[in-house]
Amino acid sequence: MNFALTSDQQNIRDAVLKHCAQFSDDDWLALDNEARFPTEFHRSMADAGWLGIAMPEAVGGSGLGITEAAIMMQAVAEAGGGMTAASAIHGPVFSLEPVALFGTEAQQQRMIPPILRGTDVMCFAVTEPNAGLDTTKLKTRAGRCDGGYRVTGEKIWISVAQVANKMMLLVRTTPLDQVKRKTDGLSLFFTDLDRTKIDVRLIHKMGRHAVDSNMLFIDDLFVPEEDRIGAEGDGFRIILKGLNPERILLGAEAVGIGRAALARAARYARERIVFDRPIGMNQGIQHPLAKCWAQLEAANLMVLKAATLFDRGDECGLEANAGKYLAAEAAFEACHTAMLTLGGMGYAQEYHVERLMREVLIPRTAPVSPHMILNFIAEKALGLPKSY
């Protein structure tokens with residue numbers, strides 16, 4: 001049992017931190033204030049080959065695992081970019097898993113390389129206004145037509161849709177009342193985001209303004225049959241393969257945000273002099289920060305355990321969910337403690353802690369709430385009755 005990164009994994013972390021150092025805290029704050037997508041950062045990560053870290057070499061990726069992807073995404077968030085930086089490249093890292101695992105060779109060659117090169121930008125269109133986490137109740141409908149499907153419906157909380165030209169789309173191809181199991185009848189597509197048929201409406205939100213969140217109103221969108229991933233009706237089973245990696249990456253990013261906030265708080269505590277001594281000399285400052293460090297490092301171990309299990313092909317649902325839960329809670333506490341350490345200046349934009357505080361609410365809430373994770377753990381780990 002070895003809890004240390006391998007030399008190759010440490011090199012990935014060091015290289016990503018060095019790459020991200022060219023983007024300053026003030027750069028990220030300006031993007032947030034201007035609600036401007038981090039195009040330069042996205043392009044730089046694509047040019048450096050980082051977007052394909054977990055994709056097969058046959059399609060231009062590095063052929064590494066979700067563990068290495070988690071290490072990379074954690075470094076991206078930790079370097080100061082937070083969820084703004086992470087969300088700008090999060091999709092290519094995990095959302096292409098269904099194509100890599102279930103797409104034909106022709107689909108893989110057509111769909112994946114342009115995303116990894118950064119010439120295409122993708123969004124992940126699953127969630128709907130009236131379905132929430134009950135994915136089987138999706139109402140967006142795809143009906144058969146000559147050469148493909150016609151899609152009509154609504155999606156919500158779709159990131160990057162303002163700049164994307166491609167989307168991973170989960171819809172119903174068979175009505176719910178006509179399937180044997182409620183998980184049947186959903187189909188997955190990777191297709192063009194055709195703005196003549198899709199109205200993309202921005203959702204104004206608390207944080208991460210540089211990476212947009214949207215509602216999609218889809219009206220009679222034509223999707224060619226060759227854009228369907230896997231068999232018709234197998235979309236739910238296919239999409240499940242990407243859920244654990246998503247939780248692992250969100251957990252890693254949360255740890256990165258927590259570390260970034262903690263580093264700023266510790267530096268301020270060393271430098272801020274009150275009553276002729278640095279405030280970091282006081283145990284009332286030291287102990288909360290030390291507790292946050294311990295919580296973040298413990299959460300990180302669970303995240304990396306989940307990633308290791310996934311890469312080995314072992315069941316990792318409990319660990320992935322627990323890792324995401326622990327990391328998000330620890331990161332939230334770290335950001336809050338950092339704000340309290342800085343006092344009034346923790347509320348000031350120029351110290352960047354308030355930005356991290358706003359952004360850490362994303363992994364705490366999405367893609368699955370802490371309450372649902374605890375429900376899942378209670379059922380799967382403790383054998384308690386299913387509550388949802």
# chains A, B, ... in the order shown; residues from 1 in each chain; ligands from 1
$ closest_atom_pairs --of "stretch 297-388 of chain A" --to "stretch 131-137 of chain A" --cutoff "10 Å" --atoms "only C-alpha atoms" --output "tab-separated table"
residue	atom	partner	partner_atom	distance
A:Pro367	CA	A:Leu133	CA	8.7
A:Val368	CA	A:Leu133	CA	7.3
A:Ser369	CA	A:Leu133	CA	9.0
A:Met372	CA	A:Leu133	CA	9.0
A:Tyr388	CA	A:Asp134	CA	9.5
$ write_last_selection --atoms "C-alpha atoms" --output "PDB file, in the first residue's frame"
ATOM      1  CA  PRO A 367     -23.179  17.140 -10.104  1.00  0.00           C
ATOM      2  CA  VAL A 368     -24.945  15.464  -7.191  1.00  0.00           C
ATOM      3  CA  SER A 369     -25.969  17.016  -3.875  1.00  0.00           C
ATOM      4  CA  MET A 372     -28.039  12.293  -2.275  1.00  0.00           C
ATOM      5  CA  TYR A 388     -35.189   7.824  -2.995  1.00  0.00           C
TER       6      TYR A 388
END
$ closest_atom_pairs --of "stretch 90-200 of chain A" --to "stretch 218-239 of chain A" --cutoff "10 Å" --atoms "only C-alpha atoms" --output "tab-separated table"
residue	atom	partner	partner_atom	distance
A:Ser95	CA	A:Ile239	CA	9.1
A:Glu97	CA	A:Ile239	CA	8.8
A:Pro98	CA	A:Ile238	CA	6.2
A:Val99	CA	A:Ile229	CA	6.5
A:Ala100	CA	A:Ile229	CA	9.8
A:Leu101	CA	A:Ile238	CA	8.5
A:Phe102	CA	A:Gly230	CA	5.6
A:Gly103	CA	A:Ile229	CA	5.4
A:Thr104	CA	A:Ile229	CA	8.0
A:Ala106	CA	A:Glu226	CA	9.6
A:Gln107	CA	A:Asp227	CA	7.7
A:Gln108	CA	A:Ile229	CA	10.0
A:Met111	CA	A:Asp227	CA	9.1
A:Val126	CA	A:Ile239	CA	9.4
A:Thr135	CA	A:Phe236	CA	8.1
A:Thr136	CA	A:Phe236	CA	7.9
A:Thr140	CA	A:Ile218	CA	8.4
A:Arg141	CA	A:Asp220	CA	9.7
A:Ala142	CA	A:Val223	CA	8.7
A:Gly143	CA	A:Asp220	CA	9.5
A:Arg144	CA	A:Glu225	CA	9.1
A:Cys145	CA	A:Phe222	CA	8.7
A:Asp146	CA	A:Pro224	CA	9.0
A:Gly147	CA	A:Pro224	CA	5.9
A:Gly148	CA	A:Glu225	CA	4.1
A:Tyr149	CA	A:Val223	CA	5.2
A:Arg150	CA	A:Phe222	CA	4.7
A:Val151	CA	A:Leu221	CA	4.9
A:Thr152	CA	A:Asp219	CA	4.7
A:Gly153	CA	A:Ile218	CA	5.1
A:Glu154	CA	A:Ile218	CA	5.9
A:Lys155	CA	A:Ile218	CA	8.1
A:Met168	CA	A:Ile229	CA	9.5
A:Leu169	CA	A:Arg228	CA	9.3
A:Leu170	CA	A:Gly235	CA	6.7
A:Val171	CA	A:Gly235	CA	8.1
A:Arg172	CA	A:Gly233	CA	7.8
A:Thr173	CA	A:Gly233	CA	6.6
A:Thr174	CA	A:Gly233	CA	7.2
A:Val179	CA	A:Gly233	CA	9.5
A:Lys182	CA	A:Phe236	CA	9.7
A:Thr183	CA	A:Phe236	CA	6.1
A:Asp184	CA	A:Gly233	CA	5.6
A:Gly185	CA	A:Gly233	CA	4.0
A:Leu186	CA	A:Gly233	CA	4.6
A:Ser187	CA	A:Gly235	CA	4.0
A:Leu188	CA	A:Gly235	CA	4.7
A:Phe189	CA	A:Arg228	CA	4.3
A:Phe190	CA	A:Asp227	CA	5.5
A:Thr191	CA	A:Asp227	CA	5.7
A:Asp192	CA	A:Val223	CA	7.9
A:Leu193	CA	A:Leu221	CA	9.1
A:Asp194	CA	A:Leu221	CA	7.5
A:Arg195	CA	A:Ile218	CA	9.1
A:Thr196	CA	A:Leu221	CA	8.6
A:Lys197	CA	A:Asp219	CA	5.4
A:Ile198	CA	A:Ile218	CA	4.6
A:Asp199	CA	A:Ile218	CA	6.6
A:Val200	CA	A:Ile218	CA	8.8
$ select_by_dssp --residues "stretch 145-373 of chain A" --states "strand (DSSP E)" --output "short mmCIF file (atom, residue, chain, number, x, y, z; two decimals) with N, CA and C atoms, in the first residue's frame"
data_model
loop_
_atom_site.label_atom_id
_atom_site.label_comp_id
_atom_site.auth_asym_id
_atom_site.auth_seq_id
_atom_site.Cartn_x
_atom_site.Cartn_y
_atom_site.Cartn_z
N CYS A 145 -36.58 9.61 -37.84
CA CYS A 145 -36.91 10.19 -39.13
C CYS A 145 -35.91 9.66 -40.14
N GLY A 148 -32.01 9.68 -39.38
CA GLY A 148 -31.63 10.00 -38.01
C GLY A 148 -32.81 10.25 -37.10
N TYR A 149 -32.76 11.36 -36.37
CA TYR A 149 -33.75 11.66 -35.33
C TYR A 149 -34.08 13.15 -35.35
N ARG A 150 -35.27 13.47 -34.85
CA ARG A 150 -35.66 14.85 -34.60
C ARG A 150 -35.84 15.02 -33.10
N VAL A 151 -35.15 15.99 -32.54
CA VAL A 151 -35.10 16.16 -31.09
C VAL A 151 -35.80 17.45 -30.68
N THR A 152 -36.63 17.35 -29.65
CA THR A 152 -37.31 18.51 -29.08
C THR A 152 -37.32 18.37 -27.56
N GLY A 153 -37.02 19.46 -26.85
CA GLY A 153 -37.05 19.43 -25.40
C GLY A 153 -36.22 20.54 -24.79
N GLU A 154 -35.97 20.41 -23.48
CA GLU A 154 -35.25 21.44 -22.73
C GLU A 154 -34.15 20.81 -21.89
N LYS A 155 -33.06 21.54 -21.72
CA LYS A 155 -31.97 21.14 -20.83
C LYS A 155 -31.61 22.34 -19.95
N ILE A 156 -31.02 22.06 -18.79
CA ILE A 156 -30.68 23.15 -17.87
C ILE A 156 -29.33 22.89 -17.21
N TRP A 157 -28.69 23.98 -16.80
CA TRP A 157 -27.37 23.96 -16.17
C TRP A 157 -26.32 23.32 -17.09
N ILE A 158 -26.38 23.74 -18.35
CA ILE A 158 -25.44 23.22 -19.34
C ILE A 158 -24.28 24.20 -19.45
N SER A 159 -23.12 23.79 -18.98
CA SER A 159 -21.94 24.65 -18.99
C SER A 159 -21.32 24.73 -20.38
N LYS A 166 -20.25 21.59 -30.15
CA LYS A 166 -20.63 20.18 -30.06
C LYS A 166 -21.27 19.93 -28.70
N MET A 167 -22.10 18.88 -28.64
CA MET A 167 -22.71 18.54 -27.36
C MET A 167 -22.92 17.04 -27.24
N MET A 168 -22.73 16.56 -26.01
CA MET A 168 -23.12 15.21 -25.64
C MET A 168 -24.55 15.32 -25.13
N LEU A 169 -25.47 14.62 -25.77
CA LEU A 169 -26.90 14.82 -25.53
C LEU A 169 -27.58 13.51 -25.17
N LEU A 170 -28.25 13.49 -24.02
CA LEU A 170 -29.01 12.31 -23.59
C LEU A 170 -30.50 12.63 -23.70
N VAL A 171 -31.23 11.78 -24.44
CA VAL A 171 -32.65 12.03 -24.69
C VAL A 171 -33.43 10.70 -24.65
N ARG A 172 -34.75 10.82 -24.61
CA ARG A 172 -35.62 9.64 -24.70
C ARG A 172 -35.93 9.33 -26.15
N LEU A 186 -33.48 5.40 -23.22
CA LEU A 186 -32.70 6.64 -23.32
C LEU A 186 -31.54 6.40 -24.27
N SER A 187 -31.25 7.37 -25.13
CA SER A 187 -30.17 7.22 -26.10
C SER A 187 -29.22 8.41 -26.01
N LEU A 188 -27.96 8.13 -26.33
CA LEU A 188 -26.90 9.14 -26.20
C LEU A 188 -26.38 9.53 -27.57
N PHE A 189 -26.22 10.83 -27.77
CA PHE A 189 -25.71 11.35 -29.04
C PHE A 189 -24.55 12.32 -28.78
N PHE A 190 -23.61 12.34 -29.70
CA PHE A 190 -22.59 13.38 -29.72
C PHE A 190 -22.75 14.08 -31.07
N THR A 191 -23.22 15.32 -31.03
CA THR A 191 -23.66 15.95 -32.27
C THR A 191 -23.40 17.44 -32.26
N ASP A 192 -23.75 18.10 -33.36
CA ASP A 192 -23.56 19.54 -33.49
C ASP A 192 -24.55 20.29 -32.61
N ILE A 198 -31.49 25.45 -31.60
CA ILE A 198 -31.31 25.45 -30.16
C ILE A 198 -31.15 26.88 -29.66
N ASP A 199 -32.04 27.29 -28.78
CA ASP A 199 -31.96 28.61 -28.15
C ASP A 199 -31.19 28.45 -26.84
N VAL A 200 -30.02 29.07 -26.76
CA VAL A 200 -29.14 28.97 -25.59
C VAL A 200 -29.32 30.23 -24.74
N ARG A 201 -29.84 30.07 -23.53
CA ARG A 201 -30.12 31.22 -22.67
C ARG A 201 -29.26 31.15 -21.41
N LEU A 202 -28.52 32.22 -21.19
CA LEU A 202 -27.58 32.29 -20.06
C LEU A 202 -28.32 32.34 -18.73
N SER A 213 -23.27 29.07 -17.68
CA SER A 213 -24.27 28.03 -17.43
C SER A 213 -25.55 28.46 -18.14
N ASN A 214 -26.30 27.48 -18.68
CA ASN A 214 -27.37 27.84 -19.61
C ASN A 214 -28.57 26.91 -19.53
N MET A 215 -29.68 27.42 -20.05
CA MET A 215 -30.82 26.60 -20.43
C MET A 215 -30.78 26.43 -21.94
N LEU A 216 -31.11 25.23 -22.42
CA LEU A 216 -31.21 24.97 -23.86
C LEU A 216 -32.66 24.65 -24.20
N PHE A 217 -33.17 25.34 -25.18
CA PHE A 217 -34.51 25.07 -25.70
C PHE A 217 -34.34 24.50 -27.10
N ILE A 218 -34.61 23.20 -27.25
CA ILE A 218 -34.34 22.48 -28.49
C ILE A 218 -35.64 22.28 -29.24
N ASP A 219 -35.66 22.72 -30.50
CA ASP A 219 -36.89 22.65 -31.30
C ASP A 219 -36.60 22.01 -32.65
N ASP A 220 -36.98 20.73 -32.80
CA ASP A 220 -36.88 20.02 -34.08
C ASP A 220 -35.43 19.97 -34.59
N LEU A 221 -34.53 19.62 -33.70
CA LEU A 221 -33.12 19.48 -34.07
C LEU A 221 -32.90 18.14 -34.77
N PHE A 222 -32.30 18.18 -35.95
CA PHE A 222 -31.98 16.94 -36.65
C PHE A 222 -30.63 16.41 -36.17
N VAL A 223 -30.61 15.13 -35.77
CA VAL A 223 -29.38 14.47 -35.35
C VAL A 223 -29.18 13.24 -36.24
N PRO A 224 -28.09 13.18 -37.01
CA PRO A 224 -27.85 12.02 -37.87
C PRO A 224 -27.67 10.75 -37.05
N ARG A 228 -25.21 8.81 -33.03
CA ARG A 228 -25.64 8.06 -31.84
C ARG A 228 -24.49 7.22 -31.32
N ILE A 229 -24.27 7.28 -30.00
CA ILE A 229 -23.21 6.49 -29.36
C ILE A 229 -23.83 5.22 -28.78
N ILE A 273 0.43 41.69 10.91
CA ILE A 273 0.89 42.00 12.26
C ILE A 273 -0.20 42.77 13.00
N VAL A 274 -0.63 42.22 14.13
CA VAL A 274 -1.59 42.88 15.02
C VAL A 274 -1.10 42.68 16.45
N ARG A 277 2.61 41.32 16.67
CA ARG A 277 2.95 39.92 16.37
C ARG A 277 2.11 39.43 15.21
N PRO A 278 2.64 38.49 14.42
CA PRO A 278 1.84 37.94 13.33
C PRO A 278 0.63 37.20 13.89
#
$ closest_atom_pairs --of "stretch 259-312 of chain A" --to "stretch 3-27 of chain A" --cutoff "12 Å" --atoms "only C-alpha atoms" --output "CSV"
residue,atom,partner,partner_atom,distance
A:Ala260,CA,A:Asp25,CA,10.8
A:Ala261,CA,A:Asp25,CA,12.0
A:Arg264,CA,A:Asp25,CA,11.3
A:Glu297,CA,A:Phe3,CA,11.2
A:Ala298,CA,A:Phe3,CA,11.1
A:Asn300,CA,A:Phe3,CA,10.5
A:Leu301,CA,A:Phe3,CA,7.6
A:Met302,CA,A:Phe3,CA,10.6
A:Val303,CA,A:Phe3,CA,11.8
A:Leu304,CA,A:Phe3,CA,8.9
A:Lys305,CA,A:Phe3,CA,9.1
A:Thr308,CA,A:Phe3,CA,11.0
$ write_last_selection --atoms "C-alpha atoms" --output "compact mmCIF listing (two decimals), in the first residue's frame"
# COMPACT_ATOMS: atom_id res chain seq x y z
CA ALA A 260 -5.44 27.45 -2.83
CA ALA A 261 -7.57 29.16 -0.18
CA ARG A 264 -3.55 32.36 0.87
CA GLU A 297 -5.47 15.72 2.79
CA ALA A 298 -7.76 12.97 4.13
CA ASN A 300 -7.64 13.68 -1.21
CA LEU A 301 -6.71 10.13 -0.21
CA MET A 302 -10.29 8.98 -0.77
CA VAL A 303 -10.43 10.74 -4.15
CA LEU A 304 -7.19 9.08 -5.26
CA LYS A 305 -8.36 5.71 -3.93
CA THR A 308 -7.08 4.03 -8.57
$ residues_around --residues "stretch 85-90 of chain A" --least-positions-apart "3" --cutoff "9 Å" --atoms "only C-alpha atoms" --output "mmCIF file with C-alpha atoms, in the first residue's frame"
data_model
loop_
_atom_site.group_PDB
_atom_site.id
_atom_site.type_symbol
_atom_site.label_atom_id
_atom_site.label_comp_id
_atom_site.auth_asym_id
_atom_site.auth_seq_id
_atom_site.Cartn_x
_atom_site.Cartn_y
_atom_site.Cartn_z
ATOM 1 C CA TRP A 28 -8.756 34.909 -13.319
ATOM 2 C CA PHE A 37 -14.613 32.515 -21.296
ATOM 3 C CA PRO A 38 -10.918 31.630 -20.638
ATOM 4 C CA THR A 39 -10.179 30.998 -24.302
ATOM 5 C CA PHE A 41 -6.196 29.054 -21.099
ATOM 6 C CA HIS A 42 -8.293 26.479 -22.959
ATOM 7 C CA MET A 45 -3.991 23.387 -22.424
ATOM 8 C CA ALA A 46 -5.056 21.947 -25.780
ATOM 9 C CA LEU A 51 -6.972 17.787 -22.756
ATOM 10 C CA MET A 73 -7.364 18.882 -12.582
ATOM 11 C CA GLN A 74 -6.410 19.303 -8.941
ATOM 12 C CA VAL A 76 -5.327 23.391 -12.335
ATOM 13 C CA ALA A 77 -7.694 24.429 -9.541
ATOM 14 C CA GLY A 80 -5.470 29.763 -8.614
ATOM 15 C CA GLY A 81 -7.882 29.212 -11.485
ATOM 16 C CA GLY A 82 -10.394 27.411 -9.270
ATOM 17 C CA VAL A 93 -11.238 15.195 -19.799
ATOM 18 C CA PHE A 94 -14.201 13.044 -18.699
ATOM 19 C CA SER A 95 -17.204 13.679 -20.979
ATOM 20 C CA SER A 159 -21.935 24.647 -18.985
ATOM 21 C CA VAL A 160 -19.961 26.133 -21.890
ATOM 22 C CA ARG A 208 -17.696 31.229 -12.034
ATOM 23 C CA ALA A 210 -16.340 33.261 -16.953
ATOM 24 C CA VAL A 211 -17.685 29.775 -17.663
ATOM 25 C CA GLU A 246 -16.947 12.982 -12.985
ATOM 26 C CA LEU A 249 -12.529 14.880 -10.913
ATOM 27 C CA LEU A 250 -14.895 17.210 -9.034
ATOM 28 C CA GLU A 253 -10.808 20.038 -8.112
#
$ atom_distance --atom1 "atom CA of A:Ala125" --atom2 "atom CA of A:Ile112"
17.0 Å
$ closest_residue --among "A:Leu326, A:Leu309, A:Glu34, A:Leu289" --to "A:Asp212" --atoms "only C-alpha atoms"
A:Glu34
$ atom_distance --atom1 "atom CA of A:Pro129" --atom2 "atom CA of A:Ala366"
14.6 Å
$ select_by_dssp --residues "stretch 69-258 of chain A" --states "alpha helix (DSSP H)" --output "PyMOL selection string"
chain A and resi 69-76+82-94+97-102+105-117+235-240+243-258
$ residues_around --residues "A:Leu29" --least-positions-apart "4" --cutoff "8 Å" --atoms "only C-alpha atoms" --output "PyMOL selection string"
chain A and resi 25+33+349+352+355
$ write_last_selection --atoms "N, CA and C atoms" --output "PDB file, in the first residue's frame"
ATOM      1  N   ASP A  25      -3.560  35.373 -10.644  1.00  0.00           N
ATOM      2  CA  ASP A  25      -4.818  35.549  -9.922  1.00  0.00           C
ATOM      3  C   ASP A  25      -5.626  36.705 -10.508  1.00  0.00           C
ATOM      4  N   ASN A  33     -14.933  38.875 -13.553  1.00  0.00           N
ATOM      5  CA  ASN A  33     -15.651  40.150 -13.547  1.00  0.00           C
ATOM      6  C   ASN A  33     -16.234  40.481 -14.913  1.00  0.00           C
ATOM      7  N   GLN A 349     -12.128  41.542  -3.228  1.00  0.00           N
ATOM      8  CA  GLN A 349     -11.775  40.786  -4.426  1.00  0.00           C
ATOM      9  C   GLN A 349     -10.267  40.681  -4.624  1.00  0.00           C
ATOM     10  N   HIS A 352      -8.684  37.491  -3.483  1.00  0.00           N
ATOM     11  CA  HIS A 352      -9.064  36.308  -4.258  1.00  0.00           C
ATOM     12  C   HIS A 352      -9.708  35.182  -3.440  1.00  0.00           C
ATOM     13  N   ARG A 355     -13.511  34.914  -4.265  1.00  0.00           N
ATOM     14  CA  ARG A 355     -13.772  34.237  -5.537  1.00  0.00           C
ATOM     15  C   ARG A 355     -13.743  32.729  -5.355  1.00  0.00           C
TER      16      ARG A 355
END
$ atom_distance --atom1 "atom CA of A:Ala290" --atom2 "atom CA of A:Phe275"
22.4 Å
$ closest_residue --among "A:Gly49, A:Gly91, A:Gly346, A:Gly63" --to "A:Leu116" --atoms "only C-alpha atoms"
A:Gly49
$ closest_residue --among "A:Leu176, A:Ile257, A:Ile373, A:Ala35" --to "A:Lys205" --atoms "only C-alpha atoms"
A:Ala35
